[in-house]
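Source file: entry_26.cif; contents: mmCIF, C-alpha atoms.
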```cif
data_coords
loop_
_atom_site.label_atom_id
_atom_site.label_comp_id
_atom_site.auth_asym_id
_atom_site.auth_seq_id
_atom_site.Cartn_x
_atom_site.Cartn_y
_atom_site.Cartn_z
CA MET A 1 -11.67 3.17 39.28
CA SER A 2 -10.53 -0.34 38.40
CA ASP A 3 -8.65 -0.99 35.15
CA ALA A 4 -11.57 -2.92 33.69
CA ALA A 5 -14.07 -0.20 34.53
CA GLY A 6 -11.68 2.42 33.14
CA SER A 7 -11.29 0.52 29.89
CA ALA A 8 -15.05 0.05 29.60
CA ARG A 9 -15.49 3.80 29.93
CA VAL A 10 -12.86 4.36 27.22
CA TRP A 11 -14.82 2.10 24.87
CA THR A 12 -17.99 4.07 25.60
CA VAL A 13 -16.21 7.34 24.75
CA LEU A 14 -14.76 5.82 21.56
CA GLU A 15 -18.22 4.78 20.35
CA LYS A 16 -18.82 8.44 19.60
CA VAL A 17 -15.60 9.05 17.68
CA MET A 18 -16.42 8.97 13.98
CA ASP A 19 -14.13 8.31 11.04
CA PRO A 20 -13.12 11.69 9.55
CA GLU A 21 -13.70 10.58 5.95
CA LEU A 22 -16.74 8.37 6.63
CA PRO A 23 -18.49 10.48 9.27
CA MET A 24 -21.50 8.14 9.39
CA LEU A 25 -19.26 5.38 10.77
CA SER A 26 -17.67 5.18 14.21
CA LEU A 27 -14.08 4.00 14.45
CA ILE A 28 -15.38 0.98 16.36
CA ASP A 29 -17.86 0.10 13.57
CA LEU A 30 -15.04 0.53 11.05
CA GLY A 31 -13.11 -2.07 13.05
CA VAL A 32 -9.90 -0.10 13.46
CA ILE A 33 -9.85 0.13 17.27
CA ARG A 34 -7.95 -2.97 18.26
CA SER A 35 -7.19 -2.66 21.95
CA VAL A 36 -7.75 -0.50 24.99
CA GLU A 37 -5.59 -0.77 28.06
CA THR A 38 -5.62 1.22 31.25
CA LEU A 39 -2.17 1.22 32.81
CA ALA A 40 -1.28 1.80 36.44
CA GLY A 41 -1.27 5.53 37.02
CA GLY A 42 -4.26 6.03 34.74
CA THR A 43 -2.55 6.19 31.35
CA VAL A 44 -4.81 4.90 28.59
CA ARG A 45 -3.28 3.07 25.62
CA VAL A 46 -5.35 2.65 22.47
CA GLY A 47 -4.20 0.38 19.63
CA VAL A 48 -5.38 1.41 16.16
CA SER A 49 -4.99 -0.37 12.81
CA PRO A 50 -4.71 1.62 9.60
CA THR A 51 -7.21 0.64 6.93
CA TYR A 52 -4.54 1.42 4.31
CA SER A 53 -0.85 2.16 4.94
CA GLY A 54 -1.12 5.52 3.25
CA CYS A 55 -4.54 6.58 4.47
CA PRO A 56 -4.24 10.33 5.12
CA ALA A 57 -6.96 10.13 7.78
CA GLN A 58 -4.65 8.27 10.18
CA GLN A 59 -3.26 11.41 11.77
CA VAL A 60 -6.72 12.91 12.23
CA ILE A 61 -8.03 9.65 13.69
CA ARG A 62 -5.24 9.68 16.23
CA GLN A 63 -5.95 13.30 17.18
CA ASP A 64 -9.71 12.70 17.40
CA ILE A 65 -9.19 9.76 19.77
CA MET A 66 -6.86 11.83 21.95
CA SER A 67 -9.16 14.83 22.17
CA ALA A 68 -12.29 12.73 22.83
CA LEU A 69 -10.55 10.95 25.70
CA HIS A 70 -9.00 14.12 27.05
CA GLY A 71 -12.48 15.67 26.97
CA ALA A 72 -13.82 12.72 28.97
CA GLY A 73 -11.23 13.29 31.68
CA PHE A 74 -8.46 10.91 30.69
CA ALA A 75 -5.34 13.05 31.04
CA GLN A 76 -2.73 10.61 29.76
CA VAL A 77 -3.58 9.00 26.42
CA ARG A 78 -1.27 7.14 24.09
CA VAL A 79 -2.33 5.91 20.65
CA HIS A 80 -0.19 3.33 18.86
CA ASP A 81 -0.34 1.43 15.56
CA GLU A 82 -1.30 -2.23 15.54
CA LEU A 83 -0.43 -3.74 12.17
CA SER A 84 -0.69 -7.42 12.92
CA PRO A 85 -2.96 -9.06 12.01
CA PRO A 86 -3.80 -6.42 9.40
CA TRP A 87 -7.19 -4.76 9.28
CA THR A 88 -9.61 -6.24 6.77
CA SER A 89 -12.93 -4.90 5.49
CA ASP A 90 -14.50 -8.01 7.10
CA TRP A 91 -14.13 -6.22 10.42
CA ILE A 92 -16.67 -3.54 9.54
CA SER A 93 -19.63 -4.27 11.82
CA ALA A 94 -23.11 -5.18 10.57
CA ARG A 95 -24.34 -1.82 11.86
CA GLY A 96 -21.43 -0.12 10.04
CA ARG A 97 -22.38 -1.82 6.77
CA GLU A 98 -25.96 -0.68 7.13
CA ARG A 99 -24.85 2.90 7.84
CA LEU A 100 -22.65 2.90 4.74
CA ARG A 101 -25.52 1.68 2.57
CA GLU A 102 -27.90 4.30 3.98
CA CYS A 103 -25.37 6.98 3.07
CA GLY A 104 -25.01 5.81 -0.53
CA ILE A 105 -21.80 3.78 -0.21
CA ALA A 106 -22.06 0.10 -1.11
CA PRO A 107 -20.53 -1.92 1.76
CA PRO A 108 -17.76 -4.43 1.00
CA GLU A 109 -18.63 -8.01 0.26
CA ALA A 110 -18.12 -10.12 3.40
CA GLY A 111 -15.42 -12.77 3.45
CA SER A 112 -12.64 -11.00 1.54
CA ARG A 113 -10.11 -13.74 1.94
CA THR A 114 -12.30 -16.70 1.18
CA ARG A 115 -14.45 -15.38 -1.64
CA GLY A 116 -11.56 -14.87 -4.02
CA GLU A 117 -12.29 -11.30 -5.02
CA LEU A 118 -8.64 -10.44 -4.52
CA ARG A 119 -7.77 -13.19 -6.96
CA GLY A 120 -9.58 -11.40 -9.72
CA ARG A 121 -13.22 -12.50 -9.54
CA ALA A 122 -15.53 -9.53 -9.82
CA PRO A 123 -17.68 -9.03 -6.72
CA GLU A 124 -21.44 -8.72 -6.94
CA VAL A 125 -22.10 -5.18 -5.82
CA ALA A 126 -25.66 -4.04 -5.11
CA CYS A 127 -26.54 -0.43 -5.85
CA PRO A 128 -27.02 1.36 -2.50
CA HIS A 129 -29.76 3.53 -4.07
CA CYS A 130 -32.07 1.01 -5.78
CA GLY A 131 -30.66 -2.37 -4.71
CA SER A 132 -30.09 -3.64 -8.26
CA THR A 133 -27.05 -5.83 -8.85
CA ARG A 134 -26.83 -4.65 -12.45
CA THR A 135 -23.84 -2.50 -11.61
CA GLU A 136 -20.50 -1.91 -13.27
CA ARG A 137 -17.13 -0.80 -12.04
CA VAL A 138 -15.87 2.52 -13.37
CA SER A 139 -12.55 2.45 -11.54
CA GLU A 140 -10.86 0.25 -8.95
CA PHE A 141 -10.05 3.42 -7.05
CA GLY A 142 -12.05 6.38 -5.84
CA SER A 143 -12.10 9.47 -3.68
CA THR A 144 -10.32 7.87 -0.71
CA PRO A 145 -7.94 4.89 -0.46
CA CYS A 146 -10.77 2.68 0.82
CA LYS A 147 -13.29 3.17 -1.99
CA ALA A 148 -13.82 2.22 -5.63
CA HIS A 149 -16.05 3.93 -8.17
CA TYR A 150 -19.18 2.20 -9.56
CA ARG A 151 -22.24 2.96 -11.62
CA CYS A 152 -25.72 1.39 -11.54
CA ALA A 153 -27.10 0.22 -14.89
CA ALA A 154 -30.66 0.12 -13.50
CA CYS A 155 -31.11 3.53 -11.88
CA LEU A 156 -28.09 5.07 -13.67
CA GLU A 157 -26.75 6.62 -10.48
CA PRO A 158 -23.01 6.61 -9.78
CA PHE A 159 -21.97 5.39 -6.34
CA GLU A 160 -18.97 4.41 -4.29
CA TYR A 161 -18.11 0.89 -3.23
CA PHE A 162 -16.08 0.25 -0.09
CA LYS A 163 -13.14 -1.81 -1.38
CA CYS A 164 -13.08 -5.39 -0.22
CA ILE A 165 -9.63 -6.09 1.18
CA MET B 1 23.21 -3.29 10.62
CA SER B 2 22.27 -5.87 8.02
CA ARG B 3 18.69 -5.67 9.11
CA PHE B 4 18.77 -1.87 8.78
CA ALA B 5 20.15 -2.28 5.26
CA TYR B 6 17.49 -4.83 4.37
CA VAL B 7 14.54 -2.79 5.64
CA LEU B 8 15.97 0.33 3.99
CA ARG B 9 15.92 -1.45 0.61
CA LEU B 10 12.26 -2.30 0.93
CA GLY B 11 11.36 1.20 2.11
CA ASP B 12 13.34 2.91 -0.64
CA THR B 13 11.76 0.78 -3.35
CA SER B 14 8.25 1.72 -2.18
CA LEU B 15 9.21 5.38 -1.75
CA VAL B 16 10.82 5.80 -5.17
CA LEU B 17 8.00 3.98 -6.95
CA ALA B 18 5.46 6.16 -5.11
CA GLN B 19 7.27 9.28 -6.29
CA ARG B 20 7.27 8.03 -9.90
CA LEU B 21 3.56 7.22 -9.83
CA GLY B 22 2.84 10.61 -8.30
CA GLU B 23 4.39 12.23 -11.38
CA TRP B 24 1.31 11.14 -13.32
CA VAL B 25 -0.95 13.45 -11.34
CA GLY B 26 -2.12 16.12 -13.76
CA HIS B 27 -0.88 14.12 -16.78
CA ALA B 28 -2.73 10.78 -16.85
CA PRO B 29 -4.79 9.82 -19.92
CA VAL B 30 -8.13 9.99 -18.07
CA LEU B 31 -9.28 11.07 -14.62
CA GLU B 32 -10.06 7.54 -13.37
CA GLU B 33 -6.55 6.33 -14.15
CA GLU B 34 -5.02 9.40 -12.59
CA LEU B 35 -6.94 8.63 -9.39
CA SER B 36 -5.83 5.01 -9.57
CA LEU B 37 -2.14 5.81 -10.05
CA ALA B 38 -2.29 8.38 -7.24
CA ASN B 39 -3.93 5.79 -4.99
CA LEU B 40 -1.21 3.25 -5.75
CA ALA B 41 1.33 5.95 -4.90
CA LEU B 42 -0.42 6.73 -1.64
CA ASP B 43 -0.40 3.10 -0.47
CA LEU B 44 3.26 2.77 -1.40
CA LEU B 45 4.14 5.98 0.38
CA GLY B 46 2.39 4.69 3.51
CA GLN B 47 4.37 1.44 3.28
CA ALA B 48 7.58 3.43 2.83
CA ARG B 49 6.83 5.49 5.93
CA TYR B 50 6.43 2.39 8.11
CA LEU B 51 9.55 0.80 6.65
CA LEU B 52 11.77 3.89 6.85
CA THR B 53 10.63 4.68 10.39
CA TYR B 54 11.56 1.16 11.39
CA ALA B 55 14.87 1.34 9.48
CA GLY B 56 15.75 4.54 11.35
CA GLU B 57 15.07 2.85 14.68
CA LEU B 58 17.19 -0.17 13.72
CA GLU B 59 20.04 2.13 12.73
CA GLY B 60 19.83 3.90 16.10
CA ARG B 61 21.39 7.15 14.95
CA GLY B 62 18.31 9.26 15.42
CA ARG B 63 17.27 9.40 11.75
CA ASP B 64 13.51 9.38 11.28
CA GLU B 65 11.52 8.67 8.10
CA ASP B 66 11.95 12.25 6.88
CA ALA B 67 15.71 12.30 7.44
CA LEU B 68 16.03 9.06 5.48
CA ALA B 69 13.74 10.16 2.65
CA PHE B 70 14.86 13.73 2.19
CA LEU B 71 18.44 13.98 3.39
CA ARG B 72 20.27 11.21 1.57
CA THR B 73 22.00 11.44 -1.79
CA GLU B 74 21.23 9.06 -4.64
CA ALA B 75 24.22 6.83 -3.88
CA GLU B 76 22.76 6.22 -0.43
CA PHE B 77 19.40 5.02 -1.79
CA ARG B 78 18.88 1.26 -1.86
CA ASN B 79 15.78 0.90 -4.05
CA VAL B 80 15.84 -1.61 -6.88
CA GLN B 81 16.62 0.09 -10.18
CA LEU B 82 13.33 -0.94 -11.74
CA ALA B 83 11.47 1.40 -9.36
CA GLU B 84 13.34 4.49 -10.52
CA GLN B 85 12.83 3.90 -14.26
CA PRO B 86 10.97 6.83 -15.83
CA ASN B 87 7.22 6.59 -16.40
CA GLY B 88 7.51 6.64 -20.20
CA ASP B 89 4.07 6.15 -21.76
CA PHE B 90 1.13 4.56 -19.95
CA ALA B 91 2.16 1.09 -21.19
CA CYS B 92 5.62 1.51 -19.71
CA THR B 93 4.19 2.58 -16.34
CA ILE B 94 1.86 -0.42 -16.34
CA VAL B 95 4.59 -2.92 -17.24
CA ARG B 96 6.87 -1.53 -14.51
CA GLN B 97 3.94 -1.77 -12.09
CA VAL B 98 3.10 -5.39 -12.93
CA LEU B 99 6.72 -6.49 -12.55
CA LEU B 100 7.03 -4.76 -9.17
CA ASP B 101 3.54 -5.65 -7.93
CA VAL B 102 4.22 -9.35 -8.51
CA PHE B 103 7.54 -8.98 -6.71
CA GLN B 104 5.97 -7.24 -3.72
CA VAL B 105 3.07 -9.69 -3.51
CA GLU B 106 5.35 -12.74 -3.57
CA LEU B 107 7.84 -11.15 -1.18
CA TYR B 108 5.32 -9.81 1.36
CA ASP B 109 3.30 -13.03 1.27
CA ARG B 110 6.38 -14.75 2.74
CA LEU B 111 7.76 -11.82 4.73
CA GLN B 112 4.54 -11.59 6.78
CA HIS B 113 5.73 -14.74 8.59
CA SER B 114 9.09 -13.17 9.43
CA ARG B 115 10.64 -13.86 12.82
CA ASP B 116 10.81 -10.08 13.06
CA THR B 117 7.18 -9.51 14.01
CA ARG B 118 7.30 -5.76 13.39
CA LEU B 119 8.51 -6.30 9.84
CA GLY B 120 6.00 -9.13 9.44
CA GLY B 121 3.17 -6.80 10.48
CA ILE B 122 4.20 -4.17 7.93
CA ALA B 123 4.41 -6.87 5.24
CA ALA B 124 0.96 -8.25 6.12
CA THR B 125 -0.58 -4.79 5.85
CA ALA B 126 1.24 -4.03 2.60
CA LEU B 127 0.35 -7.43 1.10
CA ARG B 128 -3.39 -6.68 0.96
CA GLU B 129 -2.62 -3.43 -0.82
CA SER B 130 -0.12 -4.93 -3.25
CA ARG B 131 -2.62 -7.66 -4.20
CA TYR B 132 -5.16 -5.00 -5.04
CA HIS B 133 -2.52 -3.09 -7.05
CA LEU B 134 -1.68 -6.23 -8.96
CA ARG B 135 -5.31 -6.76 -9.91
CA TYR B 136 -5.37 -3.25 -11.35
CA SER B 137 -2.02 -3.46 -13.15
CA THR B 138 -2.58 -6.91 -14.68
CA GLY B 139 -6.04 -5.78 -15.83
CA TRP B 140 -4.41 -3.00 -17.81
CA LEU B 141 -1.59 -5.24 -18.99
CA THR B 142 -4.15 -7.53 -20.61
CA ARG B 143 -6.09 -4.68 -22.21
CA LEU B 144 -2.95 -3.07 -23.59
CA GLY B 145 -1.08 -6.23 -24.61
CA ASP B 146 -4.13 -7.89 -26.13
CA GLY B 147 -5.55 -4.61 -27.42
CA THR B 148 -4.78 -2.82 -30.67
CA GLU B 149 -1.70 -3.28 -32.82
CA GLU B 150 -0.38 0.02 -31.47
CA SER B 151 -0.99 -0.76 -27.79
CA HIS B 152 0.50 -4.24 -28.18
CA ALA B 153 3.64 -2.89 -29.86
CA ARG B 154 4.14 -0.24 -27.20
CA THR B 155 3.59 -2.67 -24.34
CA GLN B 156 5.97 -5.24 -25.81
CA ALA B 157 8.55 -2.45 -26.30
CA ALA B 158 8.17 -1.51 -22.63
CA VAL B 159 8.71 -5.13 -21.65
CA GLU B 160 11.95 -5.24 -23.68
CA ARG B 161 13.17 -2.01 -22.13
CA LEU B 162 12.40 -2.87 -18.51
CA TRP B 163 13.19 -6.58 -18.48
CA PRO B 164 16.95 -6.22 -17.76
CA PHE B 165 16.12 -4.41 -14.51
CA THR B 166 14.14 -7.38 -13.17
CA ARG B 167 17.20 -9.51 -12.57
CA GLU B 168 18.20 -7.87 -9.30
CA LEU B 169 14.74 -8.31 -7.74
CA CYS B 170 15.28 -11.93 -6.79
CA ASP B 171 19.07 -12.17 -7.04
CA PRO B 172 20.23 -12.68 -3.45
CA ASP B 173 23.31 -10.85 -2.20
CA PRO B 174 25.06 -11.27 1.19
CA ILE B 175 22.49 -9.12 3.02
CA ASP B 176 19.55 -11.09 1.59
CA ALA B 177 21.33 -14.33 2.44
CA GLU B 178 22.04 -13.26 6.02
CA MET B 179 18.46 -12.11 6.58
CA CYS B 180 17.17 -15.37 5.14
CA ALA B 181 19.47 -17.43 7.35
CA GLN B 182 18.14 -15.58 10.41
CA GLY B 183 14.53 -16.28 9.44
CA ILE B 184 13.85 -12.57 8.93
CA ALA B 185 13.56 -12.52 5.14
CA PRO B 186 12.28 -15.19 2.75
CA ASP B 187 14.44 -17.24 0.43
CA LEU B 188 14.74 -15.16 -2.76
CA ASP B 189 15.14 -18.28 -4.90
CA GLU B 190 11.66 -19.27 -3.81
CA VAL B 191 10.38 -15.76 -4.54
CA ARG B 192 12.00 -15.89 -7.99
CA GLU B 193 10.25 -19.13 -8.85
CA ALA B 194 6.87 -17.70 -7.85
CA TRP B 195 7.59 -14.36 -9.55
CA THR B 196 8.59 -16.03 -12.80
CA ALA B 197 5.49 -18.23 -12.92
CA ARG B 198 3.10 -15.40 -12.15
CA VAL B 199 4.69 -12.96 -14.60
CA ALA B 200 4.70 -15.65 -17.31
CA ALA B 201 0.97 -16.23 -16.76
CA ALA B 202 0.19 -12.50 -16.87
CA PHE B 203 2.25 -12.06 -20.06
CA SER B 204 0.60 -15.05 -21.68
CA THR B 205 -2.89 -13.66 -21.01
CA ALA B 206 -1.75 -10.32 -22.39
CA THR B 207 -0.14 -11.98 -25.48
CA LEU B 208 3.26 -10.57 -24.55
CA THR B 209 6.58 -12.35 -24.86
CA PRO B 210 9.10 -12.27 -22.02
CA PRO B 211 12.57 -11.52 -23.41
CA ALA B 212 15.53 -13.82 -22.86
CA ALA B 213 17.60 -13.20 -19.74
CA THR B 214 20.36 -10.64 -20.21
CA ALA B 215 23.80 -10.30 -18.72
CA PHE B 216 22.91 -6.84 -17.44
CA ALA B 217 23.48 -6.81 -13.71
CA TRP B 218 23.31 -3.56 -11.85
CA TYR B 219 22.06 -3.51 -8.34
CA GLY B 220 20.16 -0.53 -7.06
CA LYS B 221 19.85 -2.36 -3.76
CA ARG B 222 23.61 -1.96 -3.35
CA GLY B 223 23.48 1.73 -4.22
CA GLU B 224 24.24 1.43 -7.95
CA HIS B 225 21.84 3.75 -9.72
CA GLY B 226 21.38 5.22 -13.17
CA GLU B 227 21.10 8.93 -13.83
CA HIS B 228 17.32 8.87 -13.37
CA LEU B 229 17.31 8.61 -9.60
CA GLY B 230 19.21 11.86 -9.06
CA HIS B 231 16.67 13.76 -11.16
CA LEU B 232 13.82 12.17 -9.24
CA LEU B 233 15.38 13.19 -5.92
CA THR B 234 15.81 16.81 -6.99
CA GLN B 235 12.02 16.98 -7.18
CA MET B 236 11.25 14.86 -4.13
CA GLN B 237 13.81 16.49 -1.84
CA TYR B 238 13.58 20.08 -3.06
CA LEU B 239 11.66 21.51 -0.13
CA GLN B 240 13.82 20.00 2.61
CA ARG B 241 16.99 20.96 0.76
CA ALA B 242 15.89 24.54 0.11
CA TYR B 243 14.31 25.11 3.52
CA PRO B 244 16.09 22.76 5.95
CA GLY B 245 13.92 21.77 8.88
CA ALA B 246 10.71 23.16 7.32
CA ARG B 247 7.61 21.75 9.00
CA TRP B 248 3.88 21.84 8.34
#
```
Can you present the structure in this file as structure tokens?
Amino acid sequence: MSDAAGSARVWTVLEKVMDPELPMLSLIDLGVIRSVETLAGGTVRVGVSPTYSGCPAQQVIRQDIMSALHGAGFAQVRVHDELSPPWTSDWISARGRERLRECGIAPPEAGSRTRGELRGRAPEVACPHCGSTRTERVSEFGSTPCKAHYRCAACLEPFEYFKCI
Amino acid sequence: MSRFAYVLRLGDTSLVLAQRLGEWVGHAPVLEEELSLANLALDLLGQARYLLTYAGELEGRGRDEDALAFLRTEAEFRNVQLAEQPNGDFACTIVRQVLLDVFQVELYDRLQHSRDTRLGGIAATALRESRYHLRYSTGWLTRLGDGTEESHARTQAAVERLWPFTRELCDPDPIDAEMCAQGIAPDLDEVREAWTARVAAAFSTATLTPPAATAFAWYGKRGEHGEHLGHLLTQMQYLQRAYPGARW
């Protein structure tokens, strides 16, 4: 098997590896798989970016990648961190955003670095249940490092917002 | 070895501040703030792990992140003293956080372009988190400083108490100077200018008054610590000290 064909197969296997804390989202849709290389001798190297430095899911993500690839017949797998350039919520795919919304998590606003949210402007967050933008932030932080806590003033439901970073 | 010393300082500052913030778990005023403080701690702990792992590799004596975090005495820690200051009340925690968040944002914003690409990558990742932390901490600084008479008085008192510890943040010593000359670390004079302007703006919005500079000059980054750090380490290092080599 050529290196390119091997790497293509790795990508196909990785499409089915889901994020442990956002199980509706594949690691590829989350945008954390950065590179796949097939080295001479068949060793596969996968580069992964952390969403947050302290995200406790990192270890599980690494193990899930290894076991999925081992299960697909790749005996030698190495997973390494790729920190530069850093992951941004802009890398969540369009399909990933739609999956988040369907599961009740408001996806991050696109264009984190240009829209100025990180400079203090409040983002317009649409309620994933009813679509209203009459929403308010309860807390900048939530159940995992990647989410904030919101509430909808229209349908009164609480929901999570994927932090824009 | 200078680079080891430099990276160790950054890692220790994040680690010690993470430990302090973690002390709020179970004690914060409301659940949302407890979650927030724990999330800040988690990001900082992640940054510390990257930095200490790298420091251990630079040192080349086989010490990993755990050996550096759990098996050094307080005199061997190189965090800035501001990070080890006790939590005090919520106002005190928030003031400490603003002062350090601004420092980390201004430092990492420049450090991400370091000639040391590994360190630059860690800084770039940490920068996005520190910016988010700063948004949270300055939001609270404004609400507390420009809040009630009581919250204003407590926040201003916290500013007076913590201000002397800010001097070392941007006061370059020979290691900072050497790292800057090699293009690894930014010029701390430049960081100081940016830090001062941003803190002044945050204080002004929060109706707080920055105190005059003091002659106080202790340097945690050179291993000079107050009594607080030792107490913090007894908690943080207990398990590895009591059960050496314990693993999950």
* For the structure provided, state which residues fall under the PyMOL selection byres ((chain A) within 7 of (chain B)), and present them as a list in words. =>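 Residues picked by the PyMOL selection byres ((chain A) within 7 of (chain B)): Tyr52, Ser53, Gly54, Leu83, Ser84, Pro85, Pro86, Leu118, Gly120, Ser139, Glu140, Phe141, Gly142, Pro145 and Ile165 of chain A.
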* Apply the PyMOL selection byres ((chain A and resi 32) around 12) to the file shown and report the selected residues as an MDAnalysis selection string. => chainID A and resid 14:15 17:19 25:31 33:36 46:52 58 61:62 65 80:93
* Asked: Written as a list in words, what is the full residue list that the PyMOL selection byres ((chain B and resi 220) around 7) yields on the file shown?
  ->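 This file, filtered by the PyMOL selection byres ((chain B and resi 220) around 7), leaves Arg78, Asn79, Val80, Gln81, Trp218, Tyr219, Lys221, Arg222, Gly223, Glu224 and His225 of chain B.
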Expected file: the selected residues, C-alpha atoms, as a PDB file, keeping the file's coordinate frame:
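Result file follows (again.pdb):
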```pdb
ATOM      1  CA  ARG B  78      18.880   1.260  -1.860  1.00  0.00           C
ATOM      2  CA  ASN B  79      15.780   0.900  -4.050  1.00  0.00           C
ATOM      3  CA  VAL B  80      15.840  -1.610  -6.880  1.00  0.00           C
ATOM      4  CA  GLN B  81      16.620   0.090 -10.180  1.00  0.00           C
ATOM      5  CA  TRP B 218      23.310  -3.560 -11.850  1.00  0.00           C
ATOM      6  CA  TYR B 219      22.060  -3.510  -8.340  1.00  0.00           C
ATOM      7  CA  LYS B 221      19.850  -2.360  -3.760  1.00  0.00           C
ATOM      8  CA  ARG B 222      23.610  -1.960  -3.350  1.00  0.00           C
ATOM      9  CA  GLY B 223      23.480   1.730  -4.220  1.00  0.00           C
ATOM     10  CA  GLU B 224      24.240   1.430  -7.950  1.00  0.00           C
ATOM     11  CA  HIS B 225      21.840   3.750  -9.720  1.00  0.00           C
TER      12      HIS B 225
END
```
* Asked: With only C-alpha atoms as the atoms that count, which of B:Glu190, B:Glu84, B:Asp64, B:Glu150 lies nearest to Arg20 in chain B?
  ->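 Smallest distance to Arg20 in chain B is found for B:Glu84.
Going from CA of Ala177 in chain B over to CA of Phe165 in chain B, you cover 20.3 Å.
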* State, in Å with one decimal place, the distance from CA of Cys152 in chain A to CA of Glu21 in chain A. =>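 CA of Cys152 in chain A sits 23.1 Å away from CA of Glu21 in chain A.
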Residues within 8 Å of range 236-244 of chain B, please, as a PDB file with C-alpha atoms, keeping the file's coordinate frame. Count only C-alpha atoms; anything in the same chain fewer than 4 positions from it doesn't count.
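Final output, saved to result-v7.pdb:
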```pdb
ATOM      1  CA  GLN B  19       7.270   9.280  -6.290  1.00  0.00           C
ATOM      2  CA  ALA B  69      13.740  10.160   2.650  1.00  0.00           C
ATOM      3  CA  PHE B  70      14.860  13.730   2.190  1.00  0.00           C
ATOM      4  CA  LEU B  71      18.440  13.980   3.390  1.00  0.00           C
ATOM      5  CA  LEU B 232      13.820  12.170  -9.240  1.00  0.00           C
TER       6      LEU B 232
END
```
